[in-house]
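See below for final31.cif, which holds mmCIF, C-alpha atoms.
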```cif
data_run
#
loop_
_atom_site.label_atom_id
_atom_site.label_comp_id
_atom_site.auth_asym_id
_atom_site.auth_seq_id
_atom_site.Cartn_x
_atom_site.Cartn_y
_atom_site.Cartn_z
CA ASP A 1 -7.64 -11.31 12.79
CA ILE A 2 -4.13 -10.60 11.46
CA THR A 3 -4.55 -13.12 8.63
CA LEU A 4 -7.49 -11.16 7.22
CA TYR A 5 -5.66 -7.81 7.53
CA SER A 6 -2.56 -9.30 5.93
CA ARG A 7 -4.60 -10.56 3.01
CA MET A 8 -6.34 -7.20 2.68
CA VAL A 9 -3.00 -5.36 2.44
CA SER A 10 -1.73 -7.95 -0.05
CA ALA A 11 -4.89 -7.56 -2.15
CA MET A 12 -4.53 -3.77 -2.10
CA CYS A 13 -1.03 -4.25 -3.54
CA GLY A 14 -2.53 -6.54 -6.16
CA ILE A 15 -0.96 -9.67 -4.69
CA VAL A 16 -3.54 -12.42 -4.77
CA GLU A 17 -1.60 -15.55 -5.65
CA ASP A 18 0.61 -15.67 -2.55
CA TRP A 19 -1.37 -14.81 0.56
CA SER A 20 1.65 -15.52 2.77
CA PHE A 21 3.30 -12.35 1.48
CA PHE A 22 3.87 -11.05 5.02
CA PRO A 23 5.85 -13.51 7.16
CA ASN A 24 5.80 -13.71 10.97
CA ASP A 25 9.60 -13.36 11.09
CA PRO A 26 10.65 -9.99 12.65
CA ARG A 27 13.93 -10.12 10.72
CA MET A 28 12.02 -9.49 7.48
CA PRO A 29 11.34 -5.98 6.05
CA VAL A 30 7.59 -6.20 6.79
CA PHE A 31 6.15 -8.81 9.10
CA ASN A 32 3.05 -9.87 11.00
CA ALA A 33 2.98 -9.92 14.78
CA SER A 34 0.09 -11.28 16.81
CA THR A 35 -2.29 -8.37 16.11
CA ARG A 36 -0.43 -5.92 13.84
CA GLN A 37 1.85 -5.57 10.86
CA TYR A 38 5.21 -3.90 11.33
CA ALA A 39 7.95 -2.47 9.14
CA ASN A 40 11.49 -3.33 10.19
CA LEU A 41 12.98 0.14 9.91
CA SER A 42 16.51 -1.09 10.52
CA ILE A 43 16.33 -2.78 7.11
CA PHE A 44 14.72 0.22 5.42
CA PHE A 45 17.36 2.52 6.95
CA LYS A 46 19.96 0.51 5.03
CA PHE A 47 18.58 2.09 1.85
CA LEU A 48 16.53 5.15 2.89
CA GLY A 49 17.05 7.88 5.44
CA PRO A 50 14.59 9.29 8.00
CA ASP A 51 14.02 12.37 5.83
CA TYR A 52 12.52 10.19 3.09
CA PHE A 53 9.95 8.83 5.54
CA ARG A 54 9.31 12.28 7.04
CA ARG A 55 8.55 13.81 3.63
CA ASN A 56 6.28 10.96 2.59
CA LEU A 57 4.38 10.83 5.88
CA GLU A 58 3.86 14.54 6.53
CA PHE A 59 0.44 14.59 4.92
CA LEU A 60 -0.79 11.20 6.12
CA ASP A 61 0.52 11.32 9.70
CA PRO A 62 2.22 14.55 10.89
CA TYR A 63 2.93 13.01 14.31
CA ILE A 64 4.95 10.08 12.98
CA ALA A 65 6.62 12.42 10.45
CA SER A 66 7.82 14.51 13.40
CA ILE A 67 9.38 11.38 14.95
CA PHE A 68 11.38 10.81 11.77
CA ALA A 69 12.41 14.48 11.83
CA GLY A 70 13.63 14.27 15.43
CA SER A 71 17.30 14.02 16.38
CA ASP A 72 16.65 10.67 18.09
CA CYS A 73 15.88 9.06 14.74
CA ASP A 74 19.50 8.38 13.83
CA ARG A 75 19.92 6.34 10.67
CA LYS A 76 23.50 5.34 11.49
CA LYS A 77 22.49 4.10 14.92
CA TYR A 78 19.47 2.04 13.83
CA ARG A 79 20.54 0.87 10.35
CA ILE A 80 21.14 -2.87 10.08
CA LYS A 81 24.78 -3.79 9.47
CA LYS A 82 24.12 -6.94 7.46
CA LEU A 83 20.89 -8.00 5.81
CA PRO A 84 19.43 -11.39 6.76
CA LYS A 85 20.20 -13.99 4.09
CA GLU A 86 16.49 -14.16 3.23
CA VAL A 87 16.54 -10.46 2.26
CA SER A 88 18.27 -10.41 -1.11
CA MET A 89 17.91 -8.71 -4.47
CA ARG A 90 16.54 -11.97 -5.84
CA ASN A 91 13.82 -12.07 -3.18
CA ALA A 92 13.09 -8.36 -3.62
CA TRP A 93 12.62 -8.94 -7.36
CA TRP A 94 10.38 -11.94 -6.63
CA ILE A 95 8.19 -9.75 -4.39
CA PHE A 96 8.22 -6.82 -6.81
CA ARG A 97 7.06 -9.00 -9.70
CA LEU A 98 4.00 -10.03 -7.67
CA ILE A 99 2.78 -6.41 -7.58
CA PRO A 100 1.13 -5.42 -10.89
CA VAL A 101 2.84 -2.01 -10.98
CA LYS A 102 2.54 -1.62 -14.75
CA LYS A 103 -1.19 -2.33 -14.68
CA ILE A 104 -1.80 0.10 -11.79
CA TYR A 105 0.41 2.73 -13.48
CA LYS A 106 -1.60 2.47 -16.72
CA ILE A 107 -4.83 2.92 -14.78
CA GLY A 108 -3.34 5.97 -13.04
CA GLN A 109 -2.35 7.45 -16.39
CA ALA A 110 -5.89 6.92 -17.70
CA PHE A 111 -7.25 8.84 -14.69
CA LYS A 112 -4.69 11.59 -15.27
CA LYS A 113 -5.19 11.96 -19.04
CA HIS A 114 -8.92 11.18 -19.41
CA PRO A 115 -10.52 11.56 -15.96
CA GLU A 116 -14.16 11.48 -17.11
CA GLU A 117 -13.70 8.32 -19.20
CA ALA A 118 -11.69 6.67 -16.42
CA LYS A 119 -14.38 7.56 -13.88
CA GLU A 120 -17.12 6.01 -16.05
CA LYS A 121 -15.06 2.86 -16.53
CA TYR A 122 -14.39 2.73 -12.78
CA ILE A 123 -18.13 3.00 -12.01
CA GLN A 124 -18.87 0.10 -14.39
CA ILE A 125 -16.12 -2.02 -12.80
CA VAL A 126 -17.40 -1.31 -9.28
CA GLU A 127 -20.96 -2.22 -10.31
CA CYS A 128 -19.69 -5.50 -11.80
CA ASP A 129 -17.61 -6.26 -8.70
CA MET A 130 -20.54 -5.52 -6.40
CA ARG A 131 -22.72 -7.94 -8.37
CA LYS A 132 -20.06 -10.61 -7.75
CA VAL A 133 -20.04 -9.76 -4.03
CA LYS A 134 -23.84 -9.96 -3.87
CA GLN A 135 -23.72 -13.39 -5.55
CA LEU A 136 -21.14 -14.57 -3.03
CA GLU A 137 -23.22 -13.12 -0.19
CA ALA A 138 -26.35 -14.87 -1.46
CA ARG A 139 -24.49 -18.16 -1.81
CA GLY A 140 -22.88 -17.77 1.60
CA MET A 141 -19.77 -19.38 2.96
CA ASP A 142 -19.22 -23.06 2.35
CA LYS A 143 -18.46 -24.37 5.84
CA SER A 144 -16.38 -27.21 4.46
CA ASP A 145 -14.06 -24.68 2.73
CA GLY A 146 -13.92 -22.30 5.70
CA LEU A 147 -13.73 -18.55 6.25
CA GLN A 148 -10.31 -18.06 4.65
CA SER A 149 -11.48 -19.57 1.39
CA TYR A 150 -14.58 -17.35 1.43
CA ALA A 151 -12.43 -14.26 2.18
CA ASN A 152 -10.20 -15.16 -0.80
CA GLU A 153 -13.25 -15.29 -3.06
CA LEU A 154 -14.41 -11.90 -1.79
CA PHE A 155 -10.99 -10.33 -2.34
CA ARG A 156 -10.79 -11.72 -5.86
CA ALA A 157 -14.29 -10.41 -6.59
CA VAL A 158 -13.34 -6.81 -5.79
CA LEU A 159 -9.76 -6.86 -7.09
CA PRO A 160 -10.59 -5.03 -10.37
CA SER A 161 -12.05 -2.16 -8.30
CA ILE A 162 -9.00 -2.16 -6.02
CA PHE A 163 -6.71 -1.86 -9.06
CA GLN A 164 -8.72 1.12 -10.32
CA GLU A 165 -8.65 2.79 -6.91
CA SER A 166 -4.93 2.13 -6.44
CA GLY A 167 -4.12 3.68 -9.83
CA ALA A 168 -6.19 6.76 -9.11
CA ILE A 169 -4.85 7.17 -5.57
CA TYR A 170 -1.15 6.53 -6.20
CA PHE A 171 -0.78 8.39 -9.48
CA VAL A 172 -3.33 11.22 -9.26
CA ILE A 173 -5.01 11.87 -5.91
CA LEU A 174 -2.04 11.47 -3.58
CA SER A 175 0.20 13.80 -5.61
CA MET A 176 -2.59 16.40 -5.71
CA PHE A 177 -3.09 16.20 -1.93
CA ASN A 178 0.66 16.40 -1.35
CA LYS A 179 0.84 19.61 -3.42
CA LEU A 180 -2.11 21.11 -1.54
CA ASP A 181 -0.59 20.11 1.79
CA ALA A 182 2.77 21.66 0.83
CA LYS A 183 0.98 24.94 0.01
CA ARG A 184 -0.84 24.76 3.33
CA ARG A 185 2.37 24.23 5.29
CA GLU A 186 4.76 26.37 3.26
CA GLY A 187 2.53 29.18 1.98
CA LYS A 188 4.16 32.62 2.16
CA THR A 189 1.10 34.31 3.63
CA GLU A 190 -1.55 33.28 6.14
CA LYS A 191 -4.18 33.66 3.41
CA ILE A 192 -2.41 31.11 1.15
CA ARG A 193 -1.97 28.70 4.07
CA SER A 194 -5.61 28.99 5.16
CA GLU A 195 -7.01 28.43 1.64
#
```
Output the structure of this file as structure tokens.
Amino acid sequence: DITLYSRMVSAMCGIVEDWSFFPNDPRMPVFNASTRQYANLSIFFKFLGPDYFRRNLEFLDPYIASIFAGSDCDRKKYRIKKLPKEVSMRNAWWIFRLIPVKKIYKIGQAFKKHPEEAKEKYIQIVECDMRKVKQLEARGMDKSDGLQSYANELFRAVLPSIFQESGAIYFVILSMFNKLDAKRREGKTEKIRSE
């Protein structure tokens, strides 16, 4: 169900207060359709070029990165001329303030500077979160509240773990994998590329 996926993505960004973060309006930067979430690239092309997306997607999805590298992906052709009135700096700031970037950044720095301590803290947080999930599982869903309410409780129960994982992934693991992938693709010898 798209509602559940939308909430999952919101929770992974740390947004738990406003579950309607992703609208159904295709004029918005990111939106829900009947079964998927989409990014409106015409809006993103107003600010970022295809090369930005190519570089950032090479490791995760080489196929889609090659689409951004292709001559058919013309920023001038697909860039929106005028932003919808709902897409403003004020709204962007409102969305940005929902994401706990500072908190996730601090967690990432802890993993970078003191990885063993951060790992031990992460393990304790996961154990605590899993106890909360087990309690919710044992209690079960209250049929009068419904599935969405139960899903919200589950997301909130594991949010501390998600913050830890996001900090580690965004500020440590992803940069390490990007460096390894660059060596693999751009290594001067076959031996360097194969290692």
Q | Ref. answer, residues at most 12 Å from (-6.1, 9.2, 0.9) with all atoms listed in the file, as a list in words | A |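 Residues found, by chain and rising number: Leu57, Phe59, Leu60, Asp61, Glu165, Ser166, Ala168, Ile169, Tyr170, Phe171, Val172, Ile173, Leu174, Ser175, Met176, Phe177 and Asn178 of chain A.
The protein and nucleic acid residues lying at most 10 Å from A:Ile99 are Ser10, Ala11, Met12, Cys13, Gly14, Ile15, Val16, Trp94, Ile95, Lys103 and Ile104 of chain A, with all atoms listed in the file considered and sequence neighbours fewer than 4 positions away removed.
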Q.
Between atom CA of A:Asp129 and atom CA of A:Gln37, what distance in Å does the model show, to one decimal?
A.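 So the two atoms, atom CA of A:Asp129 and atom CA of A:Gln37, lie 27.6 Å apart.
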Q | Nearest to A:Asp181, chosen from A:Ser66, A:Ser71, A:Asn56, A:Ser88, with only C-alpha atoms counted in the distances | A |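 Between A:Ser66, A:Ser71, A:Asn56, A:Ser88, the residue approaching A:Asp181 most closely is A:Asn56.
Atom CA of A:Glu153 is found 10.6 Å from atom CA of A:Glu137.
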Q: Rounded to one decimal place, report the atom CA of A:Asn40-atom CA of A:Arg27 distance in Å.
A: 7.2 Å
Q: Evaluate the PyMOL selection byres ((chain A and resi 158) around 8) on the structure here and hand back the selected residues as a VMD selection string.
A: chain A and resid 126 129 to 130 132 to 133 154 to 157 159 to 162
Q: For each of A:Ala65, A:Met28, A:Ile80, A:Ala110, take the minimum atom-to-atom distance to A:Gly167, counting all atoms listed in the file, then give the residue where this is smallest.
A: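 Ranked by minimum distance to A:Gly167, first place goes to A:Ala110.
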Q. Of the candidates A:Ser144, A:Gln135, A:Gln164, A:Asn152, which one gets nearest to A:Val101 if we count all atoms listed in the file?
A.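 Smallest separation from A:Val101 among the options: A:Gln164.
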